[in-house]
>>> print(open('start.cif').read())   # mmCIF, C-alpha atoms and all ligand atoms
data_work
loop_
_atom_site.label_atom_id
_atom_site.label_comp_id
_atom_site.auth_asym_id
_atom_site.auth_seq_id
_atom_site.Cartn_x
_atom_site.Cartn_y
_atom_site.Cartn_z
CA MET A 1 10.42 -9.03 14.66
CA SER A 2 8.82 -10.67 11.66
CA VAL A 3 9.17 -9.05 8.25
CA ARG A 4 6.52 -6.34 7.80
CA ILE A 5 7.84 -4.95 4.52
CA PRO A 6 9.63 -7.53 2.33
CA TYR A 7 12.30 -6.64 -0.23
CA GLY A 8 10.14 -7.94 -3.07
CA ARG A 9 6.76 -9.49 -3.73
CA GLN A 10 4.26 -10.33 -6.44
CA THR A 11 1.37 -8.14 -7.62
CA ILE A 12 -1.76 -10.24 -8.12
CA ASP A 13 -5.22 -8.81 -8.83
CA ASP A 14 -8.70 -10.09 -9.71
CA SER A 15 -7.92 -10.25 -13.42
CA ASP A 16 -5.10 -12.71 -12.64
CA LEU A 17 -7.42 -14.81 -10.48
CA ALA A 18 -10.03 -14.85 -13.27
CA ALA A 19 -7.43 -15.87 -15.88
CA VAL A 20 -6.19 -18.78 -13.77
CA ALA A 21 -9.75 -19.87 -12.89
CA GLU A 22 -10.70 -19.87 -16.57
CA SER A 23 -7.66 -21.98 -17.34
CA LEU A 24 -8.55 -24.43 -14.55
CA ARG A 25 -12.01 -24.88 -16.06
CA SER A 26 -10.59 -25.52 -19.54
CA ASP A 27 -9.53 -28.88 -20.99
CA TRP A 28 -5.88 -28.09 -20.51
CA LEU A 29 -3.79 -27.81 -17.39
CA THR A 30 -0.40 -28.43 -18.89
CA GLN A 31 0.41 -28.34 -22.59
CA GLY A 32 -2.56 -26.44 -23.96
CA PRO A 33 -3.01 -23.31 -26.06
CA LYS A 34 -2.09 -20.81 -23.34
CA VAL A 35 1.60 -21.74 -23.42
CA GLU A 36 1.92 -20.77 -27.07
CA GLU A 37 -0.25 -17.70 -26.57
CA PHE A 38 2.02 -16.57 -23.73
CA GLU A 39 5.15 -17.26 -25.78
CA LYS A 40 3.81 -15.26 -28.72
CA ALA A 41 2.75 -12.33 -26.51
CA LEU A 42 6.10 -12.30 -24.72
CA ALA A 43 8.09 -12.43 -27.97
CA ALA A 44 5.94 -9.66 -29.46
CA TYR A 45 6.35 -7.47 -26.37
CA CYS A 46 10.14 -7.87 -26.48
CA GLY A 47 10.50 -7.57 -30.24
CA ALA A 48 11.96 -11.08 -30.55
CA LYS A 49 11.01 -13.71 -33.13
CA PHE A 50 10.60 -16.59 -30.67
CA ALA A 51 9.99 -17.21 -27.00
CA VAL A 52 10.25 -20.68 -25.48
CA ALA A 53 8.62 -20.99 -22.06
CA TYR A 54 10.31 -22.98 -19.31
CA SER A 55 9.46 -24.17 -15.81
CA ASN A 56 11.72 -21.52 -14.23
CA GLY A 57 14.63 -19.21 -14.98
CA THR A 58 17.19 -21.83 -13.98
CA THR A 59 15.92 -24.48 -16.43
CA ALA A 60 15.62 -21.74 -19.06
CA LEU A 61 19.33 -21.00 -18.56
CA GLN A 62 20.09 -24.72 -18.84
CA GLY A 63 18.07 -24.88 -22.04
CA ALA A 64 19.93 -21.89 -23.45
CA TYR A 65 23.33 -23.37 -22.59
CA HIS A 66 22.25 -26.67 -24.12
CA ALA A 67 21.09 -24.90 -27.28
CA ALA A 68 24.44 -23.09 -27.37
CA GLY A 69 26.09 -26.49 -27.55
CA PHE A 70 27.99 -26.27 -24.24
CA LYS A 71 29.93 -29.46 -23.62
CA ASP A 72 32.63 -30.82 -21.33
CA GLY A 73 35.70 -28.59 -21.33
CA ASP A 74 33.96 -25.51 -22.74
CA GLU A 75 34.11 -22.20 -20.90
CA PHE A 76 31.73 -19.28 -20.64
CA VAL A 77 32.46 -15.82 -19.28
CA THR A 78 30.04 -14.54 -16.68
CA THR A 79 29.69 -12.20 -13.70
CA PRO A 80 30.16 -13.07 -10.04
CA LEU A 81 27.43 -10.58 -9.04
CA THR A 82 24.45 -12.82 -9.73
CA PHE A 83 22.37 -15.65 -8.38
CA ALA A 84 24.39 -18.86 -8.59
CA ALA A 85 22.00 -20.31 -11.21
CA THR A 86 23.60 -18.21 -13.97
CA ALA A 87 26.84 -20.12 -13.49
CA THR A 88 25.66 -23.47 -12.13
CA ALA A 89 23.29 -24.06 -15.05
CA GLY A 90 26.36 -24.07 -17.31
CA ILE A 91 28.16 -26.57 -15.07
CA TRP A 92 25.17 -28.93 -15.56
CA GLN A 93 26.00 -28.80 -19.28
CA GLY A 94 29.64 -29.67 -18.56
CA ALA A 95 31.05 -26.19 -19.10
CA LYS A 96 33.18 -24.08 -16.78
CA PRO A 97 32.18 -20.58 -15.69
CA VAL A 98 34.99 -18.04 -15.87
CA PHE A 99 34.20 -15.01 -13.73
CA ALA A 100 35.14 -11.54 -14.95
CA ASP A 101 34.86 -8.36 -12.91
CA VAL A 102 32.07 -5.78 -12.95
CA ASP A 103 31.78 -2.07 -13.60
CA PRO A 104 31.19 -0.67 -10.10
CA ALA A 105 28.91 2.07 -11.48
CA THR A 106 26.30 -0.50 -12.55
CA GLY A 107 27.33 -3.84 -11.04
CA ASN A 108 27.26 -5.24 -14.58
CA LEU A 109 29.92 -7.34 -16.33
CA ASP A 110 32.67 -5.05 -17.60
CA PRO A 111 33.25 -5.73 -21.32
CA VAL A 112 36.98 -5.01 -20.94
CA ALA A 113 37.31 -7.55 -18.12
CA ALA A 114 35.18 -10.00 -20.11
CA ALA A 115 37.51 -9.67 -23.11
CA LYS A 116 40.50 -10.54 -20.93
CA ALA A 117 38.76 -13.68 -19.64
CA ILE A 118 38.26 -15.19 -23.12
CA THR A 119 40.35 -18.25 -23.96
CA PRO A 120 40.32 -20.65 -26.94
CA ARG A 121 37.77 -22.76 -24.96
CA THR A 122 35.25 -19.93 -24.51
CA ARG A 123 31.91 -20.53 -26.25
CA ALA A 124 29.75 -17.70 -24.92
CA LEU A 125 29.51 -14.46 -23.00
CA CYS A 126 26.83 -14.76 -20.32
CA PRO A 127 26.27 -11.39 -18.65
CA VAL A 128 23.48 -10.51 -16.21
CA ASP A 129 21.40 -7.33 -16.22
CA PHE A 130 22.13 -6.70 -12.54
CA GLY A 131 19.12 -5.39 -10.64
CA GLY A 132 17.29 -4.74 -13.92
CA ARG A 133 19.81 -2.47 -15.64
CA PRO A 134 20.86 -3.79 -19.06
CA VAL A 135 24.51 -4.61 -19.63
CA ASP A 136 26.53 -2.74 -22.26
CA LEU A 137 24.97 -4.77 -25.07
CA ASP A 138 26.72 -2.88 -27.90
CA ALA A 139 30.17 -3.61 -26.48
CA LEU A 140 29.36 -7.21 -25.56
CA ARG A 141 27.73 -7.94 -28.92
CA LYS A 142 30.78 -6.59 -30.71
CA LEU A 143 33.10 -8.62 -28.50
CA ALA A 144 31.03 -11.77 -29.08
CA LYS A 145 30.99 -11.19 -32.83
CA ASP A 146 34.73 -10.47 -33.05
CA LYS A 147 35.56 -13.63 -31.10
CA GLY A 148 32.92 -15.88 -32.67
CA LEU A 149 31.00 -16.37 -29.41
CA LEU A 150 27.32 -16.44 -28.54
CA LEU A 151 25.90 -13.69 -26.36
CA ILE A 152 23.51 -15.22 -23.82
CA GLU A 153 21.96 -12.51 -21.67
CA ASP A 154 20.59 -13.48 -18.28
CA ALA A 155 17.86 -10.84 -18.14
CA CYS A 156 15.99 -12.45 -15.25
CA HIS A 157 15.93 -8.98 -13.62
CA ALA A 158 15.27 -6.88 -16.69
CA LEU A 159 11.97 -7.84 -18.34
CA GLY A 160 10.17 -4.63 -19.30
CA THR A 161 13.13 -2.34 -19.77
CA ALA A 162 14.99 -1.30 -22.91
CA TYR A 163 18.53 -0.77 -24.15
CA LYS A 164 18.95 2.31 -26.36
CA GLY A 165 15.22 2.28 -27.13
CA LYS A 166 15.02 -1.45 -27.92
CA LYS A 167 13.27 -3.79 -25.50
CA ILE A 168 15.44 -6.36 -23.74
CA GLY A 169 14.69 -9.79 -25.19
CA GLY A 170 15.36 -9.30 -28.89
CA ILE A 171 18.98 -8.12 -28.83
CA ALA A 172 21.28 -10.92 -27.61
CA ASP A 173 21.50 -14.35 -29.32
CA MET A 174 19.42 -15.68 -26.44
CA THR A 175 17.81 -13.80 -23.56
CA ILE A 176 16.60 -15.49 -20.39
CA PHE A 177 13.77 -14.32 -18.15
CA SER A 178 12.46 -15.58 -14.81
CA PHE A 179 8.87 -15.25 -13.61
CA HIS A 180 9.56 -15.94 -9.95
CA PRO A 181 7.20 -13.89 -7.71
CA VAL A 182 9.73 -11.12 -7.01
CA LYS A 183 10.49 -10.57 -10.72
CA SER A 184 8.87 -8.10 -13.20
CA ILE A 185 5.91 -10.46 -13.77
CA THR A 186 5.15 -13.81 -12.20
CA THR A 187 3.81 -17.22 -13.13
CA GLY A 188 4.66 -18.65 -9.69
CA GLU A 189 7.71 -20.50 -10.93
CA GLY A 190 8.46 -19.83 -14.58
CA GLY A 191 10.96 -18.71 -17.16
CA ALA A 192 11.58 -18.26 -20.87
CA VAL A 193 14.33 -18.00 -23.46
CA LEU A 194 13.92 -15.53 -26.32
CA THR A 195 15.79 -15.71 -29.59
CA ASN A 196 15.58 -14.60 -33.21
CA ASP A 197 17.29 -17.74 -34.49
CA PRO A 198 14.99 -20.59 -35.61
CA ALA A 199 17.72 -23.23 -35.13
CA LEU A 200 18.26 -22.16 -31.52
CA ARG A 201 14.49 -22.09 -31.01
CA ASP A 202 14.19 -25.72 -32.15
CA LYS A 203 16.94 -26.79 -29.76
CA LEU A 204 15.27 -24.89 -26.90
CA VAL A 205 11.96 -26.65 -27.57
CA SER A 206 13.64 -30.05 -27.80
CA PHE A 207 15.45 -29.62 -24.47
CA ARG A 208 12.30 -28.83 -22.52
CA GLN A 209 10.40 -31.87 -23.83
CA HIS A 210 12.67 -34.89 -23.65
CA GLY A 211 14.41 -34.29 -26.98
CA ILE A 212 11.29 -35.56 -28.74
CA ARG A 213 10.56 -35.18 -32.44
CA ARG A 214 7.04 -36.20 -33.33
CA GLY A 215 6.32 -38.63 -36.17
CA GLU A 216 3.10 -39.92 -37.69
CA ASP A 217 0.35 -41.55 -35.65
CA TRP A 218 1.79 -42.71 -32.32
CA LEU A 219 5.38 -42.41 -33.37
CA TYR A 220 7.84 -40.12 -31.71
CA TYR A 221 11.61 -40.13 -31.56
CA VAL A 222 13.82 -39.25 -28.61
CA GLU A 223 16.75 -37.71 -30.40
CA GLU A 224 18.93 -36.39 -27.62
CA GLN A 225 19.42 -36.29 -23.86
CA ALA A 226 16.93 -33.74 -22.60
CA THR A 227 14.40 -33.29 -19.84
CA ASN A 228 10.94 -32.03 -18.88
CA CYS A 229 11.01 -28.39 -17.85
CA ARG A 230 7.74 -27.18 -19.33
CA LEU A 231 5.67 -24.27 -18.15
CA THR A 232 2.03 -25.25 -17.64
CA ASP A 233 -1.09 -23.81 -19.26
CA LEU A 234 -2.23 -22.61 -15.86
CA GLN A 235 0.95 -20.67 -15.34
CA SER A 236 0.88 -19.31 -18.87
CA ALA A 237 -2.64 -17.99 -18.28
CA LEU A 238 -1.28 -16.09 -15.28
CA GLY A 239 1.71 -14.89 -17.31
CA LEU A 240 -0.54 -13.56 -20.09
CA SER A 241 -2.63 -11.70 -17.57
CA GLN A 242 0.46 -10.27 -15.84
CA LEU A 243 2.07 -9.25 -19.12
CA LYS A 244 -0.80 -6.83 -19.74
CA ARG A 245 0.25 -4.87 -16.64
CA LEU A 246 4.03 -5.19 -17.05
CA ASP A 247 4.53 -1.59 -18.18
CA SER A 248 2.60 -0.27 -15.21
CA PHE A 249 4.66 -2.48 -12.85
CA VAL A 250 7.93 -1.14 -14.27
CA ALA A 251 6.64 2.45 -14.17
CA ARG A 252 5.84 2.10 -10.47
CA ARG A 253 9.24 0.54 -9.75
CA ARG A 254 10.89 3.54 -11.45
CA GLU A 255 8.80 5.91 -9.39
CA ILE A 256 9.94 4.14 -6.22
CA ALA A 257 13.58 4.31 -7.37
CA ARG A 258 13.21 8.03 -7.98
CA ARG A 259 11.70 8.54 -4.52
CA TYR A 260 14.57 6.61 -2.87
CA GLN A 261 17.18 8.61 -4.77
CA LYS A 262 15.50 11.88 -3.83
CA ALA A 263 15.29 10.83 -0.19
CA PHE A 264 18.98 9.81 -0.09
CA ALA A 265 20.31 12.91 -1.89
CA GLY A 266 22.97 14.51 0.27
CA TRP A 267 23.23 11.61 2.74
CA ALA A 268 26.90 11.19 3.60
CA GLU A 269 26.52 7.41 4.10
CA VAL A 270 24.79 6.59 0.81
CA GLU A 271 26.09 6.60 -2.75
CA ASN A 272 23.22 7.25 -5.14
CA GLU A 273 23.50 5.65 -8.56
CA THR A 274 24.42 8.10 -11.29
CA VAL A 275 22.96 6.16 -14.22
CA PRO A 276 19.47 7.21 -15.45
CA VAL A 277 16.50 5.78 -13.54
CA ASP A 278 14.52 5.06 -16.70
CA ASP A 279 17.18 2.68 -18.05
CA SER A 280 16.37 -0.04 -15.51
CA ALA A 281 13.45 -2.36 -14.75
CA TRP A 282 14.39 -1.96 -11.04
CA HIS A 283 14.00 -5.57 -10.01
CA LEU A 284 16.19 -4.57 -7.05
CA TYR A 285 16.91 -1.32 -5.30
CA VAL A 286 20.50 -1.81 -4.21
CA LEU A 287 21.51 0.61 -1.46
CA ARG A 288 25.22 1.36 -1.65
CA LEU A 289 26.69 2.36 1.67
CA LYS A 290 29.81 4.49 1.56
CA GLY A 291 32.52 5.81 3.84
CA ALA A 292 32.48 4.51 7.40
CA ALA A 293 28.90 3.22 6.94
CA GLY A 294 30.19 0.87 4.23
CA SER A 295 32.12 -1.15 6.77
CA LYS A 296 29.02 -1.34 9.01
CA ARG A 297 26.85 -3.18 6.48
CA ARG A 298 26.08 -6.04 8.85
CA GLU A 299 25.00 -3.67 11.62
CA VAL A 300 22.77 -1.71 9.24
CA PHE A 301 21.31 -4.93 7.82
CA GLN A 302 20.57 -6.37 11.24
CA ALA A 303 19.00 -3.13 12.52
CA LEU A 304 16.71 -2.93 9.46
CA ARG A 305 15.70 -6.58 9.87
CA ALA A 306 15.08 -5.97 13.59
CA ALA A 307 12.72 -3.15 12.58
CA GLY A 308 10.73 -5.52 10.34
CA ILE A 309 12.23 -4.42 7.01
CA GLY A 310 12.95 -7.53 4.95
CA VAL A 311 16.22 -6.38 3.44
CA GLN A 312 18.47 -8.79 1.55
CA VAL A 313 21.92 -8.76 -0.03
CA HIS A 314 22.27 -9.37 -3.77
CA TYR A 315 24.70 -11.00 -4.26
CA ILE A 316 27.40 -12.92 -2.46
CA PRO A 317 29.99 -13.32 -5.27
CA VAL A 318 29.13 -16.67 -6.83
CA TYR A 319 32.61 -18.16 -6.51
CA TRP A 320 32.62 -17.54 -2.74
CA HIS A 321 30.01 -20.27 -2.27
CA PRO A 322 31.32 -23.59 -0.87
CA PHE A 323 30.44 -25.50 -4.05
CA TYR A 324 32.61 -23.15 -6.09
CA GLU A 325 35.39 -23.17 -3.50
CA GLY A 326 35.32 -26.93 -3.83
CA LEU A 327 35.84 -26.56 -7.57
CA GLY A 328 38.97 -24.54 -6.89
CA TYR A 329 37.71 -20.96 -7.30
CA LYS A 330 39.45 -18.49 -4.99
CA LYS A 331 38.39 -15.27 -3.29
CA GLY A 332 39.99 -12.13 -4.71
CA ALA A 333 39.42 -13.01 -8.38
CA CYS A 334 37.05 -10.06 -9.06
CA PRO A 335 38.02 -7.32 -6.58
CA LYS A 336 35.51 -4.73 -7.81
CA ALA A 337 32.55 -7.09 -7.46
CA GLU A 338 33.79 -8.19 -4.05
CA ALA A 339 34.21 -4.59 -2.84
CA LEU A 340 30.72 -3.72 -4.07
CA TYR A 341 29.23 -6.80 -2.40
CA GLU A 342 30.69 -5.71 0.95
CA ARG A 343 28.66 -2.47 1.08
CA ILE A 344 25.30 -3.23 -0.53
CA ILE A 345 21.84 -3.98 0.85
CA SER A 346 18.67 -4.51 -1.21
CA LEU A 347 15.84 -2.31 0.06
CA PRO A 348 12.11 -3.03 -0.47
CA MET A 349 11.17 -2.61 -4.15
CA TYR A 350 7.92 -3.89 -5.64
CA PRO A 351 4.96 -2.23 -7.38
CA THR A 352 2.56 -2.42 -4.43
CA LEU A 353 5.01 -0.85 -1.97
CA THR A 354 3.12 2.27 -0.86
CA ASN A 355 4.68 5.71 -0.51
CA ALA A 356 3.93 5.54 3.22
CA GLN A 357 5.76 2.19 3.54
CA GLN A 358 8.68 3.52 1.54
CA ASP A 359 8.85 6.64 3.71
CA GLU A 360 8.93 4.38 6.75
CA VAL A 361 11.86 2.42 5.28
CA VAL A 362 13.74 5.67 4.64
CA GLU A 363 12.99 6.98 8.13
CA ILE A 364 14.12 3.77 9.81
CA LEU A 365 17.29 3.73 7.70
CA ARG A 366 18.02 7.32 8.72
CA THR A 367 17.61 6.40 12.38
CA VAL A 368 19.86 3.36 11.95
CA LEU A 369 22.57 5.42 10.25
CA ASP A 370 22.33 8.11 12.94
CA GLY A 371 22.72 5.33 15.49
CA LEU A 372 26.05 4.37 13.85
CA HIS A 373 27.33 7.91 14.39
CA ALA A 374 26.07 7.94 17.96
CA ASN A 375 27.79 4.60 18.65
CA ARG A 376 31.04 5.96 17.26
CA ALA A 377 30.77 9.15 19.32
CA ALA A 378 30.13 7.14 22.49
CA ARG A 379 33.24 4.99 22.03
C1 LIG B 1 20.03 -13.35 -12.33
C2 LIG B 1 19.22 -14.57 -12.10
N1 LIG B 1 19.37 -15.62 -12.94
C3 LIG B 1 18.64 -16.73 -12.78
C4 LIG B 1 17.73 -16.88 -11.77
C5 LIG B 1 16.97 -18.16 -11.62
O1 LIG B 1 15.61 -17.96 -11.85
P1 LIG B 1 14.52 -18.93 -11.18
O2 LIG B 1 14.44 -18.58 -9.73
O3 LIG B 1 13.25 -18.60 -11.91
O4 LIG B 1 14.96 -20.33 -11.41
C6 LIG B 1 17.55 -15.83 -10.89
C7 LIG B 1 16.57 -15.97 -9.79
O5 LIG B 1 16.62 -15.38 -8.76
C8 LIG B 1 18.31 -14.65 -11.04
O6 LIG B 1 18.17 -13.62 -10.20
#
>>> encode(input="start.cif", output="structure tokens")
Amino acid sequence: MSVRIPYGRQTIDDSDLAAVAESLRSDWLTQGPKVEEFEKALAAYCGAKFAVAYSNGTTALQGAYHAAGFKDGDEFVTTPLTFAATATAGIWQGAKPVFADVDPATGNLDPVAAAKAITPRTRALCPVDFGGRPVDLDALRKLAKDKGLLLIEDACHALGTAYKGKKIGGIADMTIFSFHPVKSITTGEGGAVLTNDPALRDKLVSFRQHGIRRGEDWLYYVEEQATNCRLTDLQSALGLSQLKRLDSFVARRREIARRYQKAFAGWAEVENETVPVDDSAWHLYVLRLKGAAGSKRREVFQALRAAGIGVQVHYIPVYWHPFYEGLGYKKGACPKAEALYERIISLPMYPTLTNAQQDEVVEILRTVLDGLHANRAAR
């Protein structure tokens, strides 16, 4: 059966269409005034001094690692429970990702494990706000400060949420967002790096536009190896329009999370999260199977897919991928992340998911889980 209810999708309305149409009619499609307007609005929303827009979250990570000065032989400590881009973007800059284990309660990088992974070659801590829940920023900031490292937060899941009352985006040395359609807001493809440091900001700008410093008249100077990973004016117009509704998107995601948790309360096969709902931007709703159901993840996944529910799994531990195996990484390095991976499934979570659709997902899941019991009884 084709997917009737996906795990994530964009929310586009007439105001977005109007904003993009207006941009199309303007003089600028690429490097016009909307890019800066979007950057300023994003920085202001997050309480950061600067935002530098990028073509996507992956190039934004590359820009951040470049600005951090990553070079051959450097290391950075990161989490295995993420999309591979968090780690691979650093490899592009010549550095080596060192994976440290997660806190199973949140799926986020465990500061104690991160501390153990630091070596004299480490330049930065690069945690990920898994599913939209901020990492333990106080502990990681302290660790980074004590060890003289940069804290580079991959917050691609967490735009719109806060840590201890402060919006994500203005806390770490650099914070990365993605505006892919399933994220908190979208620009189609898109990303940004936020920072309070003017020197880092200059490096971020340089990296996305060929390392160019402008001179007088026609003169310009290519001062370093860099690339083109600019966001366009068109996309920035969409981003500005989306940003106005970000809070309502996050509020709806939280409502959906609350409804899932209420529905699953008392289910023997499901472990509800114990951390507060309002702490996360809920990019993902990660169902955690437990007990015997945990070892039946594939069956549950396949049955949900067969029923037209577009479930996914976030994430296969990064170092399990063939590219990383080829680099010499071995399974077993982060047992807590691996154990969590084995029993999780991402359920549909996006602002336009209706209560009726969500109820259907819950009902189908219940039937699937009952089917597991029935299968066991029949054997
Ligand atoms: C945690 C994380 N980091 C980075 C990225 C890369 O972002 P993009 O798809 O915009 O390149 C993603 C995208 O899925 C992500 O989930």
>>> closest_residue(input="start.cif", among="A:His373, A:Arg123, A:Arg297, A:Arg9", to="Ala67 (chain A)", atoms="all atoms listed in the file")
A:Arg123
>>> residues_near_point(input="start.cif", point="(15.0, -43.1, -30.6)", cutoff="10 Å", atoms="all atoms listed in the file", output="PyMOL selection string")
chain A and resi 211-213+220-224
>>> write_last_selection(input="start.cif", atoms="C-alpha atoms", output="JSON list (two decimals), in the coordinates of the input")
[["chain", "number", "residue", "atom", "x", "y", "z"],
["A", 211, "GLY", "CA", 14.41, -34.29, -26.98],
["A", 212, "ILE", "CA", 11.29, -35.56, -28.74],
["A", 213, "ARG", "CA", 10.56, -35.18, -32.44],
["A", 220, "TYR", "CA", 7.84, -40.12, -31.71],
["A", 221, "TYR", "CA", 11.61, -40.13, -31.56],
["A", 222, "VAL", "CA", 13.82, -39.25, -28.61],
["A", 223, "GLU", "CA", 16.75, -37.71, -30.40],
["A", 224, "GLU", "CA", 18.93, -36.39, -27.62]]
>>> residues_near_ligand(input="start.cif", ligand="ligand LIG 1 (chain B)", cutoff="6 Å", atoms="only C-alpha atoms and all ligand atoms", output="ChimeraX atom specification")
/A:56-58,82-83,85-86,128,154,156,178-180,189-191
>>> closest_atom_pairs(input="start.cif", of="region 94-172 of chain A", to="region 330-349 of chain A", cutoff="12 Å", atoms="all atoms listed in the file", output="CSV")
residue,atom,partner,partner_atom,distance
A:Val98,CA,A:Ala333,CA,10.1
A:Phe99,CA,A:Cys334,CA,7.4
A:Ala100,CA,A:Cys334,CA,6.4
A:Asp101,CA,A:Cys334,CA,4.7
A:Val102,CA,A:Ala337,CA,5.7
A:Asp103,CA,A:Lys336,CA,7.4
A:Pro104,CA,A:Lys336,CA,6.4
A:Ala105,CA,A:Leu340,CA,9.6
A:Thr106,CA,A:Leu340,CA,10.1
A:Gly107,CA,A:Ala337,CA,7.1
A:Asn108,CA,A:Ala337,CA,9.1
A:Leu109,CA,A:Ala337,CA,9.3
A:Asp110,CA,A:Lys336,CA,10.2
A:Ala113,CA,A:Cys334,CA,9.4
A:Ala114,CA,A:Cys334,CA,11.2
A:Ala117,CA,A:Ala333,CA,11.3
A:Phe130,CA,A:Ala337,CA,11.6
A:Gly131,CA,A:Ser346,CA,9.5
A:Gly132,CA,A:Met349,CA,11.7
>>> closest_residue(input="start.cif", among="A:Leu204, A:Val250, A:Ala19, A:Val277", to="Gly69 (chain A)", atoms="only C-alpha atoms")
A:Leu204
>>> closest_residue(input="start.cif", among="A:Leu289, A:Ala115, A:Ala84, A:Leu372", to="Lys147 (chain A)", atoms="all atoms listed in the file")
A:Ala115
>>> atom_distance(input="start.cif", atom1="CA of Lys116 (chain A)", atom2="CA of Gly63 (chain A)")
26.6 Å
>>> residues_around(input="start.cif", residues="region 227-229 of chain A", least_positions_apart="5", cutoff="7 Å", atoms="all atoms listed in the file", output="list in words")
Tyr54, Ser55, Thr59, Phe207, Arg208, Gln209 and His210 of chain A
>>> atom_distance(input="start.cif", atom1="CA of Tyr163 (chain A)", atom2="CA of Asp202 (chain A)")
26.6 Å
>>> atom_distance(input="start.cif", atom1="CA of Ala139 (chain A)", atom2="CA of Glu153 (chain A)")
13.0 Å
>>> closest_residue(input="start.cif", among="A:Pro80, A:Gly94, A:Gly308, A:Pro134", to="His66 (chain A)", atoms="all atoms listed in the file")
A:Gly94
